[in-house]
file coords-v4.csv (CSV, C-alpha atoms)
chain,number,residue,atom,x,y,z
N,12,MET,CA,104.9,-58.8,240.4
N,13,ALA,CA,108.4,-58.8,242.0
N,14,GLY,CA,109.7,-61.8,240.1
N,15,LEU,CA,111.9,-64.6,241.6
N,16,ASN,CA,115.3,-64.1,243.3
N,17,LEU,CA,118.1,-66.7,243.4
N,18,ARG,CA,116.7,-68.4,246.5
N,19,ASP,CA,113.2,-68.5,244.9
N,20,LEU,CA,114.6,-70.0,241.7
N,21,THR,CA,116.6,-72.7,243.5
N,22,THR,CA,113.5,-73.6,245.6
N,23,ARG,CA,111.3,-73.8,242.5
N,24,ALA,CA,113.8,-76.0,240.7
N,25,PHE,CA,113.9,-78.4,243.6
N,26,LYS,CA,110.1,-78.7,243.6
N,27,LEU,CA,110.1,-79.3,239.9
N,28,MET,CA,112.6,-82.1,240.3
N,29,GLY,CA,110.7,-83.8,243.1
N,30,LEU,CA,111.9,-83.9,246.7
N,31,ALA,CA,113.4,-87.4,246.6
N,32,TYR,CA,115.7,-86.7,243.7
N,33,ALA,CA,116.4,-83.1,244.7
N,34,GLU,CA,118.0,-84.3,247.9
N,35,SER,CA,120.9,-85.6,245.8
N,36,PHE,CA,121.9,-82.0,245.2
N,37,SER,CA,122.9,-79.2,247.6
N,38,ALA,CA,121.5,-75.7,247.4
N,39,ALA,CA,125.0,-74.5,246.3
N,40,GLU,CA,125.0,-76.9,243.4
N,41,MET,CA,121.5,-75.8,242.4
N,42,ASP,CA,122.5,-72.2,242.7
N,43,GLU,CA,125.4,-72.9,240.2
N,44,GLU,CA,123.0,-74.6,237.8
N,45,VAL,CA,120.6,-71.7,238.0
N,46,GLN,CA,123.4,-69.2,237.3
N,47,LEU,CA,124.6,-71.2,234.3
N,48,THR,CA,121.1,-71.4,232.9
N,49,TYR,CA,120.6,-67.6,233.5
N,50,GLU,CA,123.8,-66.9,231.5
N,51,GLU,CA,122.7,-69.1,228.7
N,52,ILE,CA,119.3,-67.5,228.3
N,53,ASN,CA,120.9,-64.1,228.4
N,54,ASN,CA,123.2,-65.1,225.5
N,55,LEU,CA,120.4,-66.6,223.3
N,56,PHE,CA,119.1,-63.4,221.8
N,57,PRO,CA,119.8,-59.6,221.8
N,58,TRP,CA,117.0,-59.2,224.3
N,59,THR,CA,115.7,-55.7,224.8
N,60,PHE,CA,116.7,-55.7,228.4
N,61,LEU,CA,120.3,-56.1,227.4
N,62,GLU,CA,120.4,-52.7,225.6
N,63,LYS,CA,122.3,-49.9,227.2
N,64,ALA,CA,124.1,-46.7,226.4
N,65,TRP,CA,127.4,-45.4,227.8
N,66,THR,CA,129.5,-42.3,227.4
N,67,PHE,CA,133.2,-41.5,227.9
N,68,ASP,CA,135.3,-38.4,227.3
N,69,THR,CA,138.3,-38.3,225.2
N,70,VAL,CA,141.7,-36.8,226.2
N,71,VAL,CA,143.8,-34.8,223.9
N,72,SER,CA,146.5,-37.1,222.3
N,73,GLN,CA,145.1,-40.3,223.9
N,74,GLN,CA,144.3,-43.0,221.4
N,75,ASP,CA,143.1,-45.9,223.5
N,76,TYR,CA,140.1,-46.0,225.9
N,77,TYR,CA,138.6,-48.7,228.1
N,78,LEU,CA,134.9,-49.3,227.9
N,79,ALA,CA,132.6,-49.8,230.9
N,80,TYR,CA,132.9,-53.2,232.6
N,81,ASP,CA,129.4,-54.3,231.4
N,82,VAL,CA,129.9,-53.6,227.7
N,83,LYS,CA,129.3,-56.8,225.8
N,84,THR,CA,128.6,-55.8,222.1
N,85,LEU,CA,128.8,-52.5,220.4
N,86,GLN,CA,126.0,-51.4,218.0
N,87,THR,CA,126.6,-47.6,217.6
N,88,VAL,CA,129.6,-45.4,218.4
N,89,ARG,CA,129.3,-41.7,217.8
N,90,GLN,CA,130.8,-38.4,219.0
N,91,LYS,CA,128.2,-36.1,220.4
N,92,THR,CA,130.1,-32.8,220.0
N,93,SER,CA,129.4,-32.4,216.2
N,94,PRO,CA,127.6,-35.0,216.2
N,95,GLN,CA,128.7,-37.7,213.8
N,96,GLU,CA,129.0,-41.5,213.8
N,97,ILE,CA,132.4,-43.2,214.3
N,98,PHE,CA,132.7,-46.3,212.1
N,99,PRO,CA,134.5,-49.6,213.0
N,100,VAL,CA,137.4,-50.7,210.9
N,101,GLU,CA,139.5,-53.9,210.7
N,102,VAL,CA,142.9,-54.1,212.4
N,103,GLY,CA,144.8,-54.0,209.1
N,104,THR,CA,143.0,-50.9,208.0
N,105,PHE,CA,143.5,-49.2,211.3
N,106,ASP,CA,147.2,-50.0,211.3
N,107,LEU,CA,147.5,-48.7,207.8
N,108,PHE,CA,146.0,-45.3,208.5
N,109,SER,CA,146.6,-44.8,212.3
N,110,PRO,CA,149.4,-42.3,213.0
N,111,ASP,CA,152.2,-42.8,215.4
N,112,PRO,CA,150.6,-43.3,218.9
N,113,THR,CA,152.8,-40.5,220.2
N,114,ASP,CA,151.0,-38.1,217.8
N,115,SER,CA,149.8,-35.0,219.7
N,116,GLY,CA,146.3,-35.3,218.2
N,117,THR,CA,145.3,-34.4,214.7
N,118,ALA,CA,141.5,-34.2,214.3
N,119,THR,CA,138.1,-35.5,215.6
N,120,PRO,CA,137.9,-39.3,215.5
N,121,THR,CA,136.0,-40.9,212.5
N,122,ASN,CA,136.9,-44.5,213.0
N,123,TYR,CA,137.6,-47.0,215.8
N,124,LEU,CA,139.2,-50.4,216.3
N,125,LEU,CA,137.6,-52.7,219.0
N,126,HIS,CA,139.9,-54.8,221.1
N,127,GLU,CA,137.8,-57.6,222.5
N,128,ILE,CA,139.6,-58.4,225.7
N,129,ASP,CA,142.1,-56.5,227.9
N,130,ARG,CA,142.5,-58.5,231.1
N,131,THR,CA,144.2,-57.1,234.2
N,132,ARG,CA,144.7,-58.8,237.5
N,133,LEU,CA,146.2,-57.5,240.8
N,134,PRO,CA,148.3,-58.8,242.3
N,135,ALA,CA,149.5,-60.2,239.0
N,136,THR,CA,150.2,-63.6,240.7
N,137,GLY,CA,149.1,-64.9,244.1
N,138,THR,CA,146.8,-62.9,246.4
N,139,ASP,CA,146.8,-60.0,248.8
N,140,THR,CA,145.8,-60.3,252.5
N,141,ALA,CA,143.0,-58.2,253.8
N,142,ALA,CA,144.1,-55.8,256.5
N,143,ALA,CA,142.4,-54.6,259.7
N,144,GLY,CA,139.2,-52.6,258.9
N,145,THR,CA,138.0,-55.3,256.5
N,146,ASP,CA,134.3,-56.3,257.0
N,147,THR,CA,131.7,-58.0,254.8
N,148,ASN,CA,131.3,-55.2,252.3
N,149,THR,CA,134.7,-53.4,252.7
N,150,VAL,CA,138.2,-54.8,252.0
N,151,VAL,CA,141.4,-53.0,253.1
N,152,GLY,CA,144.4,-54.0,251.0
N,153,THR,CA,148.1,-54.2,251.9
N,154,SER,CA,149.7,-54.6,248.5
N,155,ALA,CA,152.1,-51.9,247.5
N,156,SER,CA,151.1,-52.2,243.9
N,157,PHE,CA,147.6,-50.9,244.4
N,158,SER,CA,147.1,-47.4,243.0
N,159,ALA,CA,147.0,-44.4,245.4
N,160,THR,CA,144.5,-42.6,243.1
N,161,ASN,CA,140.8,-42.6,244.1
N,162,ASP,CA,138.3,-44.5,242.0
N,163,THR,CA,141.0,-46.3,240.0
N,164,TYR,CA,139.4,-49.7,240.6
N,165,ASN,CA,135.7,-48.7,240.4
N,166,GLY,CA,133.9,-51.4,238.4
N,167,TRP,CA,136.6,-54.1,238.9
N,168,GLU,CA,135.7,-57.3,240.7
N,169,LEU,CA,137.2,-58.4,244.0
N,170,VAL,CA,137.5,-62.2,244.5
N,171,ASN,CA,137.7,-63.5,248.1
N,172,THR,CA,139.7,-66.8,247.7
N,173,VAL,CA,138.8,-68.0,251.2
N,174,ARG,CA,135.0,-67.5,251.0
N,175,LYS,CA,135.0,-68.4,247.3
N,176,ASP,CA,132.8,-65.4,246.6
N,177,ARG,CA,133.2,-62.2,244.7
N,178,ALA,CA,131.7,-58.7,244.4
N,179,ARG,CA,132.0,-55.7,242.2
N,180,ILE,CA,134.0,-52.7,243.5
N,181,SER,CA,131.7,-49.6,243.8
N,182,ASP,CA,134.3,-47.2,245.2
N,183,TYR,CA,138.0,-47.2,245.9
N,184,VAL,CA,139.9,-44.9,248.3
N,185,GLY,CA,143.5,-44.7,247.2
N,186,ALA,CA,145.1,-43.3,250.4
N,187,ALA,CA,143.7,-46.1,252.5
N,188,LYS,CA,143.6,-48.8,249.8
N,189,THR,CA,140.0,-49.4,250.7
N,190,PHE,CA,137.6,-51.2,248.3
N,191,GLU,CA,133.9,-50.6,248.9
N,192,LEU,CA,131.8,-53.5,247.5
N,193,GLU,CA,128.4,-53.5,245.8
N,194,SER,CA,127.3,-56.6,247.6
N,195,VAL,CA,128.2,-58.4,250.9
N,196,ILE,CA,130.7,-61.2,250.9
N,197,THR,CA,129.3,-63.3,253.7
N,198,GLY,CA,131.7,-64.2,256.5
N,199,GLN,CA,134.5,-62.0,255.2
N,200,VAL,CA,137.1,-61.0,257.8
N,201,PRO,CA,140.6,-59.5,258.0
N,202,THR,CA,143.3,-62.0,257.0
N,203,ASP,CA,141.1,-63.3,254.2
N,204,THR,CA,143.1,-63.5,250.9
N,205,PHE,CA,141.8,-61.8,247.8
N,206,TYR,CA,142.7,-60.4,244.4
N,207,ILE,CA,141.0,-57.9,242.0
N,208,TRP,CA,140.6,-58.2,238.3
N,209,ARG,CA,138.8,-56.7,235.3
N,210,ASN,CA,138.1,-58.0,231.8
N,211,LEU,CA,137.3,-55.0,229.7
N,212,LYS,CA,136.9,-54.1,226.1
N,213,LYS,CA,139.1,-51.3,224.7
N,214,ILE,CA,138.8,-49.2,221.6
N,215,SER,CA,141.4,-47.2,219.7
N,216,LEU,CA,140.3,-44.0,217.9
N,217,TYR,CA,141.5,-42.6,214.6
N,218,PRO,CA,142.4,-39.8,214.1
N,219,ILE,CA,143.8,-39.4,217.6
N,220,PRO,CA,141.6,-36.8,219.3
N,221,ASN,CA,142.9,-33.2,219.3
N,222,ALA,CA,140.2,-32.1,221.8
N,223,ALA,CA,138.2,-33.4,224.7
N,224,ILE,CA,134.9,-34.6,223.2
N,225,THR,CA,132.1,-36.9,224.5
N,226,ILE,CA,131.8,-40.3,222.9
N,227,TYR,CA,128.4,-42.0,223.0
N,228,VAL,CA,128.3,-45.8,222.8
N,229,ARG,CA,125.2,-48.0,222.5
N,230,GLY,CA,125.2,-51.8,222.6
N,231,LEU,CA,124.3,-54.8,224.6
N,232,ARG,CA,125.5,-55.3,228.2
N,233,HIS,CA,126.8,-58.2,230.3
N,234,MET,CA,124.3,-59.1,233.0
N,235,PRO,CA,125.3,-59.1,236.7
N,236,ASP,CA,125.6,-62.6,238.2
N,237,LEU,CA,123.1,-64.2,240.6
N,238,VAL,CA,125.3,-64.5,243.6
N,239,ASN,CA,123.3,-63.7,246.8
N,240,ASP,CA,120.0,-65.1,247.8
N,241,TYR,CA,118.3,-61.8,247.2
N,242,ASP,CA,119.7,-61.2,243.7
N,243,TYR,CA,117.0,-61.0,240.9
N,244,PRO,CA,117.4,-61.7,237.2
N,245,ASP,CA,118.0,-58.3,235.7
N,246,TRP,CA,115.3,-58.6,233.1
N,247,GLY,CA,113.4,-55.4,233.9
N,248,PRO,CA,109.7,-55.2,234.7
N,249,ASP,CA,108.7,-56.8,231.4
N,250,GLY,CA,110.8,-59.8,232.1
N,251,GLU,CA,109.6,-60.5,235.7
N,252,ALA,CA,106.8,-62.7,234.6
N,253,TYR,CA,109.3,-65.1,232.9
N,254,HIS,CA,111.8,-65.6,235.7
N,255,GLU,CA,110.5,-69.2,236.2
N,256,VAL,CA,112.0,-70.2,232.8
N,257,ILE,CA,115.4,-70.3,234.5
N,258,ALA,CA,114.2,-72.8,237.2
N,259,LEU,CA,112.5,-74.9,234.5
N,260,PHE,CA,115.6,-75.3,232.4
N,261,ALA,CA,117.8,-75.9,235.4
N,262,ALA,CA,115.5,-78.6,236.8
N,263,SER,CA,115.1,-80.3,233.4
N,264,ARG,CA,118.9,-80.7,233.0
N,265,LEU,CA,119.5,-82.1,236.4
N,266,LYS,CA,116.4,-84.3,236.2
N,267,ASP,CA,117.6,-85.8,232.9
N,268,LEU,CA,120.3,-87.6,234.9
N,269,ASN,CA,117.8,-90.1,236.3
N,270,ASP,CA,114.4,-89.5,234.7
N,271,PRO,CA,114.7,-88.5,231.0
N,272,PRO,CA,110.9,-88.6,230.3
N,273,LYS,CA,110.1,-86.3,233.2
N,274,ALA,CA,113.1,-84.1,232.2
N,275,ALA,CA,111.7,-83.9,228.7
N,276,TYR,CA,108.3,-82.8,230.0
N,277,ILE,CA,109.9,-80.0,232.1
N,278,ALA,CA,112.1,-78.9,229.2
N,279,GLN,CA,109.0,-78.7,227.0
N,280,LYS,CA,107.4,-76.3,229.5
N,281,ALA,CA,110.6,-74.3,229.7
N,282,ASN,CA,110.8,-73.9,225.9
N,283,GLN,CA,107.1,-72.8,225.8
N,284,LYS,CA,107.8,-70.2,228.5
N,285,LEU,CA,110.9,-69.0,226.7
N,286,GLN,CA,109.0,-68.6,223.5
N,287,MET,CA,106.3,-66.6,225.3
N,288,MET,CA,109.0,-64.4,226.7
N,289,ARG,CA,110.7,-63.9,223.3
N,290,THR,CA,107.4,-63.1,221.6
N,291,SER,CA,106.3,-60.7,224.3
N,292,LEU,CA,109.5,-58.7,224.4
N,293,GLU,CA,109.8,-58.6,220.6
N,294,ARG,CA,106.3,-57.3,220.3
N,295,LYS,CA,106.9,-54.6,222.9
N,296,GLN,CA,110.1,-53.5,221.1
N,297,GLN,CA,108.2,-53.3,217.8
N,298,ASP,CA,105.4,-51.3,219.3
N,299,LEU,CA,107.9,-48.9,220.9
N,300,VAL,CA,109.7,-48.2,217.6
N,301,GLU,CA,106.4,-47.8,215.7
N,302,GLY,CA,105.2,-45.4,218.3
N,303,LEU,CA,108.3,-43.3,217.8
N,304,LEU,CA,107.8,-43.4,214.0
N,305,SER,CA,104.2,-42.3,214.4
N,306,MET,CA,105.4,-39.2,216.2
N,307,ASN,CA,108.0,-38.3,213.6
N,308,ALA,CA,107.0,-35.7,211.1
N,309,LEU,CA,108.1,-38.0,208.3
N,310,SER,CA,105.9,-40.9,209.5
N,311,ALA,CA,103.3,-40.3,206.8
N,312,THR,CA,105.9,-41.5,204.2
N,313,LEU,CA,106.8,-44.6,206.2
N,314,PRO,CA,105.1,-48.0,206.3
N,315,SER,CA,102.6,-48.6,209.0
N,316,ARG,CA,104.5,-51.7,210.1
N,317,LEU,CA,108.2,-52.2,210.5
N,318,PRO,CA,110.0,-53.8,207.5
N,319,ALA,CA,110.6,-57.5,207.5
N,320,TRP,CA,114.3,-57.1,208.4
N,321,TYR,CA,113.7,-55.2,211.6
N,322,PRO,CA,112.7,-57.9,214.2
N,323,ARG,CA,115.6,-58.7,216.4
N,324,PHE,CA,114.8,-62.4,216.7
N,325,MET,CA,114.9,-64.0,213.3
call {"tool": "encode", "arguments": {"input": "coords-v4.csv", "output": "structure tokens"}}
result
Amino acid sequence: MAGLNLRDLTTRAFKLMGLAYAESFSAAEMDEEVQLTYEEINNLFPWTFLEKAWTFDTVVSQQDYYLAYDVKTLQTVRQKTSPQEIFPVEVGTFDLFSPDPTDSGTATPTNYLLHEIDRTRLPATGTDTAAAGTDTNTVVGTSASFSATNDTYNGWELVNTVRKDRARISDYVGAAKTFELESVITGQVPTDTFYIWRNLKKISLYPIPNAAITIYVRGLRHMPDLVNDYDYPDWGPDGEAYHEVIALFAASRLKDLNDPPKAAYIAQKANQKLQMMRTSLERKQQDLVEGLLSMNALSATLPSRLPAWYPRFM
């Protein structure tokens, strides 16, 4: 089963609402409702499909590091060289023990401080104008403030203010100020105006690293938006059977504006589907962990079922 893409979800929501009422909304309005519903479902639970691992390498004497653009929540941070876990601390504790940021590096990090948001926008105000060479999946900038270093803006987002669309930057060529985009911005041409931005988490390490080591991060990720007709909910193979829940919730909320009883019926179906999805993915996660325990040499001393505190969805 391939699941439902954005266009499939919008079409399904229109059918659920009924043709006469659906005509009151444009496809773009329904796309927006589907996207909002998708985001809300993603934020309901720590779904298994949100789990991801990242790594980054430290630099001698550098205290602060940006995390990947799709990091949402940190669960584990450890350095792989020894290896050992790196523990979070509150800002007051970090400030008490953290050395002068100009310190040349004293030891291997044992603690970190998480900065929730570090937002950067270029140009800082206004927009830049796309130069010749721009097409639907490439933008050539003219701003003097853009870096001349390759890959500087990989992972940032480019917002086309004329097309009212955006795409993530997959590659940046500094000499030409060329941004390669992960997805097409339909209708984009030279002279379109745009800006680029990022909204990243940042961590500070203590002690400041005195060597280049690899830091391993595990947590939950931000999901990519449903922007293009062909975009699918990024719920993995196990979540494909439940894509319809997005259309159900979107339809029920819009239907509630003129037909509350019908909206309540659709919402009931949506909640049933959501509960099936939650139960199925939770069971799969428990089976996976139990399978790993059964292969462990110590498994004979462990309970046959996971303890009551383990399930993610309490």
call {"tool": "closest_residue", "arguments": {"input": "coords-v4.csv", "among": "N:Met234, N:Val88, N:Val45, N:Ala135", "to": "Gly247 of chain N", "atoms": "only C-alpha atoms"}}
result
N:Met234
call {"tool": "atom_distance", "arguments": {"input": "coords-v4.csv", "atom1": "atom CA of Trp246 of chain N", "atom2": "atom CA of Gly198 of chain N"}}
result
29.1 Å
call {"tool": "residues_around", "arguments": {"input": "coords-v4.csv", "residues": "segment 76-78 of chain N", "least_positions_apart": "4", "cutoff": "10 Å", "atoms": "only C-alpha atoms", "output": "PyMOL selection string"}}
result
chain N and resi 65-70+82-83+125-126+129+211-216+228
call {"tool": "residues_around", "arguments": {"input": "coords-v4.csv", "residues": "Leu61 of chain N", "least_positions_apart": "3", "cutoff": "12 Å", "atoms": "all atoms listed in the file", "output": "mmCIF file with C-alpha atoms, in the coordinates of the input"}}
result
data_model
loop_
_atom_site.group_PDB
_atom_site.id
_atom_site.type_symbol
_atom_site.label_atom_id
_atom_site.label_comp_id
_atom_site.auth_asym_id
_atom_site.auth_seq_id
_atom_site.Cartn_x
_atom_site.Cartn_y
_atom_site.Cartn_z
ATOM 1 C CA ILE N 52 119.300 -67.500 228.300
ATOM 2 C CA ASN N 53 120.900 -64.100 228.400
ATOM 3 C CA ASN N 54 123.200 -65.100 225.500
ATOM 4 C CA LEU N 55 120.400 -66.600 223.300
ATOM 5 C CA PHE N 56 119.100 -63.400 221.800
ATOM 6 C CA PRO N 57 119.800 -59.600 221.800
ATOM 7 C CA TRP N 58 117.000 -59.200 224.300
ATOM 8 C CA ALA N 64 124.100 -46.700 226.400
ATOM 9 C CA ASP N 81 129.400 -54.300 231.400
ATOM 10 C CA VAL N 82 129.900 -53.600 227.700
ATOM 11 C CA LYS N 83 129.300 -56.800 225.800
ATOM 12 C CA THR N 84 128.600 -55.800 222.100
ATOM 13 C CA LEU N 85 128.800 -52.500 220.400
ATOM 14 C CA GLN N 86 126.000 -51.400 218.000
ATOM 15 C CA ARG N 229 125.200 -48.000 222.500
ATOM 16 C CA GLY N 230 125.200 -51.800 222.600
ATOM 17 C CA LEU N 231 124.300 -54.800 224.600
ATOM 18 C CA ARG N 232 125.500 -55.300 228.200
ATOM 19 C CA HIS N 233 126.800 -58.200 230.300
ATOM 20 C CA MET N 234 124.300 -59.100 233.000
ATOM 21 C CA PRO N 235 125.300 -59.100 236.700
ATOM 22 C CA PRO N 244 117.400 -61.700 237.200
ATOM 23 C CA ASP N 245 118.000 -58.300 235.700
ATOM 24 C CA TRP N 246 115.300 -58.600 233.100
ATOM 25 C CA GLY N 247 113.400 -55.400 233.900
ATOM 26 C CA GLY N 250 110.800 -59.800 232.100
ATOM 27 C CA LEU N 292 109.500 -58.700 224.400
#
call {"tool": "residues_around", "arguments": {"input": "coords-v4.csv", "residues": "Thr145 of chain N", "least_positions_apart": "6", "cutoff": "10 Å", "atoms": "only C-alpha atoms", "output": "list of chain:residue names"}}
result
N:Val151, N:Gly152, N:Thr189, N:Phe190, N:Glu191, N:Gln199, N:Val200, N:Pro201, N:Thr202, N:Asp203
call {"tool": "closest_atom_pairs", "arguments": {"input": "coords-v4.csv", "of": "segment 165-234 of chain N", "to": "segment 90-96 of chain N", "cutoff": "9 Å", "atoms": "all atoms listed in the file", "output": "JSON lines"}}
result
{"residue": "N:Ile224", "atom": "CA", "partner": "N:Thr92", "partner_atom": "CA", "distance": 6.0}
{"residue": "N:Thr225", "atom": "CA", "partner": "N:Lys91", "partner_atom": "CA", "distance": 5.7}
{"residue": "N:Ile226", "atom": "CA", "partner": "N:Gln90", "partner_atom": "CA", "distance": 4.5}
{"residue": "N:Tyr227", "atom": "CA", "partner": "N:Gln90", "partner_atom": "CA", "distance": 5.9}
{"residue": "N:Val228", "atom": "CA", "partner": "N:Gln90", "partner_atom": "CA", "distance": 8.7}
call {"tool": "write_last_selection", "arguments": {"input": "coords-v4.csv", "atoms": "C-alpha atoms", "output": "PDB file, in the coordinates of the input"}}
result
ATOM      1  CA  ILE N 224     134.900 -34.600 223.200  1.00  0.00           C
ATOM      2  CA  THR N 225     132.100 -36.900 224.500  1.00  0.00           C
ATOM      3  CA  ILE N 226     131.800 -40.300 222.900  1.00  0.00           C
ATOM      4  CA  TYR N 227     128.400 -42.000 223.000  1.00  0.00           C
ATOM      5  CA  VAL N 228     128.300 -45.800 222.800  1.00  0.00           C
TER       6      VAL N 228
END
call {"tool": "closest_residue", "arguments": {"input": "coords-v4.csv", "among": "N:Thr121, N:Asp42, N:Ala178, N:Arg89", "to": "Thr147 of chain N", "atoms": "only C-alpha atoms"}}
result
N:Ala178
call {"tool": "residues_around", "arguments": {"input": "coords-v4.csv", "residues": "Thr117 of chain N", "least_positions_apart": "6", "cutoff": "7 Å", "atoms": "all atoms listed in the file", "output": "list in words"}}
result
Pro218, Ile219, Pro220 and Asn221 of chain N
call {"tool": "residues_around", "arguments": {"input": "coords-v4.csv", "residues": "Arg177 of chain N", "least_positions_apart": "6", "cutoff": "7 Å", "atoms": "only C-alpha atoms", "output": "list in words"}}
result
Glu168, Leu169, Val170, Asn171 and Ile196 of chain N
call {"tool": "write_last_selection", "arguments": {"input": "coords-v4.csv", "atoms": "C-alpha atoms", "output": "mmCIF file, in the coordinates of the input"}}
result
data_model
loop_
_atom_site.group_PDB
_atom_site.id
_atom_site.type_symbol
_atom_site.label_atom_id
_atom_site.label_comp_id
_atom_site.auth_asym_id
_atom_site.auth_seq_id
_atom_site.Cartn_x
_atom_site.Cartn_y
_atom_site.Cartn_z
ATOM 1 C CA GLU N 168 135.700 -57.300 240.700
ATOM 2 C CA LEU N 169 137.200 -58.400 244.000
ATOM 3 C CA VAL N 170 137.500 -62.200 244.500
ATOM 4 C CA ASN N 171 137.700 -63.500 248.100
ATOM 5 C CA ILE N 196 130.700 -61.200 250.900
#
call {"tool": "atom_distance", "arguments": {"input": "coords-v4.csv", "atom1": "atom CA of Thr140 of chain N", "atom2": "atom CA of Val173 of chain N"}}
result
10.5 Å
